[in-house]
Structures are given as C-alpha cells and as structure tokens.
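Student: Okay, here's the structure, questions in a sec.
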Amino acid sequence: MSDRLRFDGQVAIVTGAGRGLGRAYANELADRGCAVVVNDPAVDEAGTGLADVVVECIVGRGGRAVANRDSVATQEGGRAIVATAMEAFSSVDIVINNAGVMRHAMFDDLTLEQLDAVLDTHLKGAFFVTQAAWPHMRGNGYGRIVLTSSASGAFGKESHASYAAAKAGLIGFGKVLGLEGAHHGIKANSVLPMAVTTPRAGDGVPTGGDNVRTFDAWQKLQDRSEPERVAALVLYLASCECAVTGDAFSSLGGRYSRVFVGVTAGWVSPGSDIAAPEDVRDNLDAILDEDGYVVPDSLAHEIELAVAAVAGAPDRG
Ligand SMILES: NC(=O)c1ccc[n+]([C@@H]2O[C@H](COP(=O)([O-])OP(=O)(O)OC[C@H]3O[C@@H](n4cnc5c(N)ncnc54)[C@H](O)[C@@H]3O)[C@@H](O)[C@H]2O)c1
C-alpha cells in the first residue's frame, strides 16, 4: 500500500454518526487526524446521546471530535450542524451525508408519513447540510461531499418505493454538485453501501419474490460486510487525493464498483420525420441495444450525443 491517506488539519461533518456506517466513518477520519462533528439526534435507553458516546471514544484515543444532536431533516438543523463545526473547529472541509431512516412498505400501502420521513431525512437532509456548508467550502476553494445513495435507488427493490426515490435523487444531486463544485475546488460523489449495521423493522423479513432473492443473496455476504469496508471507499472520496467527481460507487461485500447511468446509441427517426408509436415499437431492439452505450458527463454531453446521432443518421429513402 502506498502513502497512508491523512486528514490532519481538516474538519469533517458526518451525519447520523452515532452508530452503523456513520460511526465507522467518524472513527476512521478521527484516527487519521481529522476533527469530526459527530451528528446524531438518537439517544440510548439511559438518555445518553449516541453521538456523545462516539465522541467520548474518539477523544479518549487522543482524537478531536464534537457531538451534535440536530436533525438533518430541517433547514435549521442543517445550519446548526454546520455552525457546530465552525464554532468548534472554524472550518468545514468534508460533509458526509449519511443520516438515514427506513420505512418498508409495498407501494399500495405507502403512507404520506412514511414518504415524508424518508424524503426529509435522506434527500432534503443532504440538501440542508450541504447547502449550509457550501459557502464555507467555496470560501476555502476546497471541499469534499459524500452523498449516501443505495443499490435500491439505482437498481430497485420491492417495498422500497420512497427510499429508492430518495436515494436515486441523491445520485442526480451529486452530479449537479460535481458540475457546480468544479468551479470552486469542491468534489461530490455518491456511495451505494451495503453493510451489516442496525437491524430495522422489516429488515430480513422476505415477504415476496424480489425480497426473497435479495435476502438469499445478501446472506452469502454477511461475513464480508463490516462498515469498515464501506469506510475505505468513503474516506477515499473524502480525501484530498480523490480523483473523481459527480460519480457514484458501490461497496458491497468487499467489491468496489462504479455505478453509472448510460445511454444507448439508440435509433434515430430518418430525415425530418416525426416518429410514430409504431416506429418506437418496430425499433425497440435498437433502442435497447447496449452495444456502444455512452455515459454522458452532463446534460450538455447527452445533447451533443444526440446531435451527432442525428447528423450521422441516413436520410429517408
Ligand atoms: N447498511 C446498509 O446496508 C445500507 C445500504 C444502503 C444504504 N444505506 C444507507 O447508509 C446510511 C447509514 O446506514 P446504517 O445502516 O449505518 O443505518 P443506521 O440506522 O445504523 O444509522 C443511521 C443513523 O442515522 C441517524 N438519523 C436518523 N435520522 C436522522 C436525522 N434526521 N438527523 C440526523 N441523524 C439521523 C440515526 O439516529 C442513526 O444513528 C443510511 O443513509 C442508509 O440509508 C445503508
């Protein structure tokens, strides 16, 4: 292994870091010299903040950390979390948006309360914390943002309608942050983690086709799914050596992969003809054909691809 990645002199916010993946990120960052805001509103049975326990352990090892109990799910909460970083450490270089809740429900049964809880925490929460940190990063000409997506959002899973919508939204959010951040030395990427963390109601209860398949496959990776394996990816993306932005990466059972949205070469309606539904039906194989697909780096690139496809298409007749 080459030089160890260090974070000396840097300040990170990790949301939802009282347990699970966030705690692993906070511990690893602190052990590599980073000052960490450990955010989590949750308390144990005795009323002790989960974040306070994590901070106590980090400080006990000689690290620098401060606890924050605000919720990411409001704009005030996002601002208060960033204010904690500024008050304690006078900077914010890294935001790891990790806080999350789960509400399992088949789509027919999904309630507005469940939908709001999931969108507010995962999607709006990442907006609130990141938007409060953004001016400080711009001012420093440097920043690293990690968004926590999910394989459910990228690929789908039964009973995850609200969760998948929020998690897929974060991938698009990360692409825009990557583009806008490029002007200011800020890099933003999404992670799709899988790890054994906190059991939740509905987890591990296969109720039908897709869920049984997911459960069966996931059982085979249980002994390779420690949060620390995901932390390796997240810390790289949070480091000054991070060489990517606007991208998404999966960490699953020790396999690290890029996850992307691509576009097929497709079919172009000839000449100036306006295609009919029957044309789409008759050319579906070409539209679906993945040979020669491209991963556009922006909307501009996607439009340029269409311009080239139209220019290269044969005229009618
Ligand atoms: N564990 C997995 O396999 C997995 C898979 C895909 C995605 N994820 C995502 O990774 C992240 C961490 O997952 P985990 O398994 O460690 O979960 P976890 O439940 O162990 O930890 C999540 C933490 O977020 C905190 N939290 C909840 N609402 C919050 C709020 N409003 N403000 C601040 N903190 C809040 C909780 O108190 C909790 O401590 C989540 O975003 C989750 O959706 C996890």
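Going by the structure tokens order, chains are called A, B, ..., each with residues numbered from 1, while ligands are numbered from 1 in the order shown.
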Per residue of chain A within 7 Å of ligand 1, record the nearest atom pair and its distance in Å to one decimal, counting only C-alpha atoms and all ligand atoms, with rows in chain order and ascending residue number, as a tab-separated table.

Tutor:
```
residue	atom	partner	partner_atom_place_in_ligand_line	distance
A:Thr15	CA	ligand 1	33 (C)	5.5
A:Gly16	CA	ligand 1	24 (O)	3.4
A:Ala17	CA	ligand 1	39 (O)	5.9
A:Gly18	CA	ligand 1	39 (O)	4.7
A:Arg19	CA	ligand 1	39 (O)	4.9
A:Gly20	CA	ligand 1	16 (O)	3.5
A:Leu21	CA	ligand 1	16 (O)	3.8
A:Gly22	CA	ligand 1	16 (O)	5.7
A:Asn39	CA	ligand 1	33 (C)	6.1
A:Asp40	CA	ligand 1	34 (N)	4.3
A:Pro41	CA	ligand 1	33 (C)	5.6
A:Ala42	CA	ligand 1	37 (O)	4.5
A:Asp70	CA	ligand 1	32 (N)	6.3
A:Ser71	CA	ligand 1	32 (N)	3.6
A:Val72	CA	ligand 1	32 (N)	4.1
A:Ala73	CA	ligand 1	31 (N)	4.8
A:Asn98	CA	ligand 1	41 (O)	4.6
A:Ala99	CA	ligand 1	24 (O)	3.7
A:Gly100	CA	ligand 1	41 (O)	3.8
A:Val101	CA	ligand 1	27 (C)	5.1
A:Met102	CA	ligand 1	43 (O)	6.8
A:Thr121	CA	ligand 1	31 (N)	5.0
A:His122	CA	ligand 1	41 (O)	6.3
A:Thr148	CA	ligand 1	41 (O)	5.4
A:Ser149	CA	ligand 1	7 (C)	5.9
A:Ser150	CA	ligand 1	6 (C)	4.3
A:Ala151	CA	ligand 1	6 (C)	6.3
A:Leu192	CA	ligand 1	6 (C)	5.8
A:Pro193	CA	ligand 1	6 (C)	4.8
A:Met194	CA	ligand 1	3 (O)	3.4
A:Ala195	CA	ligand 1	3 (O)	4.0
A:Val196	CA	ligand 1	1 (N)	5.6
A:Thr197	CA	ligand 1	15 (O)	4.7
A:Thr198	CA	ligand 1	20 (O)	4.3
```

Student: Show me, as CSV, the residues of stretch 37-103 of chain A having an atom within 12 Å of stretch 239-249 of chain A, each with the closest atom pair and its distance in Å, using only C-alpha atoms.

Tutor:
```
residue,atom,partner,partner_atom,distance
A:Asp93,CA,A:Ser239,CA,9.6
A:Ile94,CA,A:Ser239,CA,8.4
A:Val95,CA,A:Ser239,CA,11.2
A:Ile96,CA,A:Ser239,CA,11.5
```

Student: Near A:Phe128, within 7 Å and counting only C-alpha atoms, which residues show up once chain neighbours fewer than 5 positions away are dropped, as a list in words?

Tutor: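 Final neighbour list, sorted by chain and number: Val72, Thr74, Gln75 and Gly78 of chain A.
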
Student: Within stretch 77-213 of chain A, find each residue whose DSSP state, derived from the backbone, is strand (DSSP E), and express the selection as a VMD selection string.

Tutor: chain A and resid 94 to 97 143 to 148 186 to 193

Student: Those same residues - all heavy atoms - I'd like them written as a compact mmCIF listing (two decimals), in the first residue's frame.

Tutor:
```
# COMPACT_ATOMS: atom_id res chain seq x y z
N ILE A 94 -15.20 18.70 4.79
CA ILE A 94 -15.80 17.44 4.34
C ILE A 94 -17.20 17.32 4.93
O ILE A 94 -17.39 17.56 6.14
CB ILE A 94 -14.95 16.24 4.86
CG1 ILE A 94 -13.53 16.29 4.28
CG2 ILE A 94 -15.64 14.91 4.54
CD1 ILE A 94 -12.54 15.39 5.03
N VAL A 95 -18.17 16.99 4.10
CA VAL A 95 -19.51 16.64 4.61
C VAL A 95 -19.84 15.24 4.12
O VAL A 95 -19.85 14.99 2.90
CB VAL A 95 -20.59 17.63 4.13
CG1 VAL A 95 -21.97 17.12 4.54
CG2 VAL A 95 -20.35 19.02 4.71
N ILE A 96 -20.09 14.36 5.05
CA ILE A 96 -20.54 13.02 4.69
C ILE A 96 -22.01 12.91 5.10
O ILE A 96 -22.34 12.83 6.30
CB ILE A 96 -19.68 11.93 5.37
CG1 ILE A 96 -18.22 12.08 4.91
CG2 ILE A 96 -20.23 10.54 5.05
CD1 ILE A 96 -17.25 11.13 5.54
N ASN A 97 -22.88 13.01 4.12
CA ASN A 97 -24.33 12.92 4.35
C ASN A 97 -24.70 11.45 4.44
O ASN A 97 -24.82 10.76 3.43
CB ASN A 97 -25.07 13.58 3.18
CG ASN A 97 -24.87 15.07 3.15
OD1 ASN A 97 -25.40 15.80 3.99
ND2 ASN A 97 -24.10 15.55 2.18
N GLY A 143 -13.43 21.48 -1.02
CA GLY A 143 -14.45 20.75 -0.28
C GLY A 143 -14.63 19.34 -0.82
O GLY A 143 -14.33 19.07 -1.99
N ARG A 144 -15.09 18.48 0.04
CA ARG A 144 -15.42 17.09 -0.35
C ARG A 144 -16.80 16.76 0.22
O ARG A 144 -17.03 16.93 1.43
CB ARG A 144 -14.39 16.10 0.20
CG ARG A 144 -12.99 16.28 -0.37
CD ARG A 144 -12.90 15.78 -1.81
NE ARG A 144 -11.56 15.91 -2.35
CZ ARG A 144 -11.13 16.96 -3.07
NH1 ARG A 144 -11.93 17.99 -3.31
NH2 ARG A 144 -9.90 16.99 -3.54
N ILE A 145 -17.67 16.28 -0.65
CA ILE A 145 -19.03 15.94 -0.23
C ILE A 145 -19.30 14.49 -0.62
O ILE A 145 -19.03 14.10 -1.77
CB ILE A 145 -20.05 16.87 -0.88
CG1 ILE A 145 -19.85 18.31 -0.36
CG2 ILE A 145 -21.48 16.41 -0.61
CD1 ILE A 145 -20.40 19.36 -1.26
N VAL A 146 -19.78 13.73 0.32
CA VAL A 146 -20.19 12.35 0.02
C VAL A 146 -21.68 12.25 0.31
O VAL A 146 -22.15 12.66 1.39
CB VAL A 146 -19.40 11.32 0.86
CG1 VAL A 146 -19.88 9.91 0.54
CG2 VAL A 146 -17.89 11.45 0.60
N LEU A 147 -22.41 11.74 -0.66
CA LEU A 147 -23.85 11.51 -0.50
C LEU A 147 -24.07 10.01 -0.39
O LEU A 147 -23.39 9.24 -1.07
CB LEU A 147 -24.60 12.07 -1.72
CG LEU A 147 -24.38 13.56 -1.97
CD1 LEU A 147 -24.82 13.92 -3.39
CD2 LEU A 147 -25.14 14.38 -0.95
N THR A 148 -25.04 9.63 0.43
CA THR A 148 -25.28 8.20 0.61
C THR A 148 -26.51 7.77 -0.16
O THR A 148 -27.64 8.03 0.24
CB THR A 148 -25.43 7.86 2.10
OG1 THR A 148 -24.28 8.34 2.79
CG2 THR A 148 -25.55 6.35 2.28
N ILE A 186 -14.47 21.94 -5.24
CA ILE A 186 -15.30 21.03 -4.44
C ILE A 186 -15.63 19.79 -5.27
O ILE A 186 -16.05 19.91 -6.43
CB ILE A 186 -16.62 21.73 -4.02
CG1 ILE A 186 -16.32 23.00 -3.23
CG2 ILE A 186 -17.50 20.77 -3.22
CD1 ILE A 186 -17.56 23.88 -2.96
N LYS A 187 -15.42 18.62 -4.68
CA LYS A 187 -15.78 17.37 -5.35
C LYS A 187 -16.90 16.68 -4.57
O LYS A 187 -16.88 16.67 -3.34
CB LYS A 187 -14.56 16.45 -5.46
CG LYS A 187 -13.52 17.00 -6.42
CD LYS A 187 -12.36 16.07 -6.62
CE LYS A 187 -11.42 16.64 -7.67
NZ LYS A 187 -10.21 15.84 -7.85
N ALA A 188 -17.85 16.11 -5.31
CA ALA A 188 -19.00 15.46 -4.68
C ALA A 188 -19.25 14.12 -5.36
O ALA A 188 -19.27 14.04 -6.60
CB ALA A 188 -20.24 16.34 -4.82
N ASN A 189 -19.41 13.09 -4.57
CA ASN A 189 -19.69 11.76 -5.11
C ASN A 189 -20.68 11.03 -4.23
O ASN A 189 -20.84 11.36 -3.05
CB ASN A 189 -18.39 10.93 -5.20
CG ASN A 189 -17.44 11.48 -6.25
OD1 ASN A 189 -17.65 11.27 -7.45
ND2 ASN A 189 -16.42 12.20 -5.83
N SER A 190 -21.33 10.04 -4.80
CA SER A 190 -22.31 9.25 -4.06
C SER A 190 -21.77 7.86 -3.81
O SER A 190 -21.03 7.31 -4.63
CB SER A 190 -23.61 9.11 -4.88
OG SER A 190 -24.14 10.39 -5.17
N VAL A 191 -22.18 7.29 -2.68
CA VAL A 191 -21.83 5.90 -2.40
C VAL A 191 -23.11 5.08 -2.27
O VAL A 191 -24.15 5.56 -1.80
CB VAL A 191 -20.98 5.73 -1.12
CG1 VAL A 191 -19.61 6.33 -1.32
CG2 VAL A 191 -21.66 6.32 0.10
N LEU A 192 -23.03 3.84 -2.71
CA LEU A 192 -24.11 2.87 -2.55
C LEU A 192 -23.55 1.78 -1.64
O LEU A 192 -22.90 0.85 -2.10
CB LEU A 192 -24.52 2.27 -3.90
CG LEU A 192 -25.25 3.17 -4.90
CD1 LEU A 192 -24.35 4.25 -5.47
CD2 LEU A 192 -25.82 2.33 -6.03
N PRO A 193 -23.74 1.94 -0.31
CA PRO A 193 -23.12 1.00 0.62
C PRO A 193 -23.99 -0.24 0.85
O PRO A 193 -25.20 -0.20 0.60
CB PRO A 193 -23.03 1.81 1.91
CG PRO A 193 -24.21 2.74 1.85
CD PRO A 193 -24.50 2.99 0.39
```

Student: Contacts of stretch 53-55 of chain A at 8 Å or less, counting only C-alpha atoms, minus same-chain residues fewer than 2 places along, as a PyMOL selection string?

Tutor: chain A and resi 17-18+23+27+38+48-51+57-59+65-67

Student: Can you pull out every residue from stretch 42-109 of chain A that DSSP, working from the backbone, puts in helix (DSSP H, G or I), and format the result as a PyMOL selection string?

Tutor: chain A and resi 50-60+75-89+107-109

Student: Counting only C-alpha atoms, figure out which residue out of A:Ala231, A:Val261, A:Ala182, A:Ala126 gets nearest to A:Leu29.

Tutor: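 Smallest separation from A:Leu29 among the options: A:Ala231.
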
Student: Quick one, how far is atom CA of A:Val14 from atom CA of A:Ala26?

Tutor: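 Atom CA of A:Val14 sits 6.4 Å away from atom CA of A:Ala26.
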
Student: Expressed in Å to a single decimal, how great is the separation between atom CA of A:Gly208 and atom CA of A:Thr111?

Tutor: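 So the two atoms, atom CA of A:Gly208 and atom CA of A:Thr111, lie 20.1 Å apart.
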
Student: Fewer than 4 positions away in the same chain doesn't count, so skip those; otherwise give me all residues within 9 Å of A:Ala313, counting only C-alpha atoms, as a PDB file with N, CA and C atoms, in the first residue's frame.

Tutor:
```
ATOM      1  N   TRP A 267     -31.985   4.553 -31.734  1.00  0.00           N
ATOM      2  CA  TRP A 267     -32.489   4.589 -33.108  1.00  0.00           C
ATOM      3  C   TRP A 267     -32.883   6.024 -33.417  1.00  0.00           C
ATOM      4  N   VAL A 268     -32.573   6.522 -34.593  1.00  0.00           N
ATOM      5  CA  VAL A 268     -32.896   7.903 -34.972  1.00  0.00           C
ATOM      6  C   VAL A 268     -33.950   7.876 -36.076  1.00  0.00           C
ATOM      7  N   SER A 269     -35.011   8.629 -35.880  1.00  0.00           N
ATOM      8  CA  SER A 269     -36.035   8.691 -36.921  1.00  0.00           C
ATOM      9  C   SER A 269     -35.435   9.375 -38.152  1.00  0.00           C
ATOM     10  N   PRO A 270     -35.658   8.801 -39.328  1.00  0.00           N
ATOM     11  CA  PRO A 270     -34.974   9.301 -40.521  1.00  0.00           C
ATOM     12  C   PRO A 270     -35.463  10.688 -40.962  1.00  0.00           C
ATOM     13  N   GLY A 271     -34.521  11.435 -41.564  1.00  0.00           N
ATOM     14  CA  GLY A 271     -34.855  12.747 -42.121  1.00  0.00           C
ATOM     15  C   GLY A 271     -35.514  13.628 -41.088  1.00  0.00           C
ATOM     16  N   ALA A 308     -24.878  14.351 -32.689  1.00  0.00           N
ATOM     17  CA  ALA A 308     -24.015  13.513 -33.527  1.00  0.00           C
ATOM     18  C   ALA A 308     -24.801  12.360 -34.139  1.00  0.00           C
ATOM     19  N   ALA A 309     -25.722  11.777 -33.361  1.00  0.00           N
ATOM     20  CA  ALA A 309     -26.519  10.649 -33.870  1.00  0.00           C
ATOM     21  C   ALA A 309     -27.428  11.111 -35.012  1.00  0.00           C
TER      22      ALA A 309
END
```

Student: List the neighbours of A:Arg255 out to 10 Å using only C-alpha atoms; skip same-chain residues closer than 6 positions along the sequence, and give me the result as number ranges by chain.

Tutor: A: 224, 229-230

Student: For N, CA, C and O atoms, I'd like the residues from the last selection saved as a PDB file, in the first residue's frame.

Tutor:
```pdb
ATOM      1  N   ARG A 224     -18.602 -10.557   5.046  1.00  0.00           N
ATOM      2  CA  ARG A 224     -17.731  -9.603   4.331  1.00  0.00           C
ATOM      3  C   ARG A 224     -18.394  -8.225   4.282  1.00  0.00           C
ATOM      4  O   ARG A 224     -18.245  -7.497   3.306  1.00  0.00           O
ATOM      5  N   ARG A 229     -15.483  -1.762   5.721  1.00  0.00           N
ATOM      6  CA  ARG A 229     -15.207  -1.975   4.284  1.00  0.00           C
ATOM      7  C   ARG A 229     -15.781  -0.825   3.462  1.00  0.00           C
ATOM      8  O   ARG A 229     -15.209  -0.439   2.443  1.00  0.00           O
ATOM      9  N   VAL A 230     -16.921  -0.302   3.879  1.00  0.00           N
ATOM     10  CA  VAL A 230     -17.504   0.850   3.186  1.00  0.00           C
ATOM     11  C   VAL A 230     -16.686   2.101   3.495  1.00  0.00           C
ATOM     12  O   VAL A 230     -16.488   2.963   2.633  1.00  0.00           O
TER      13      VAL A 230
END
```
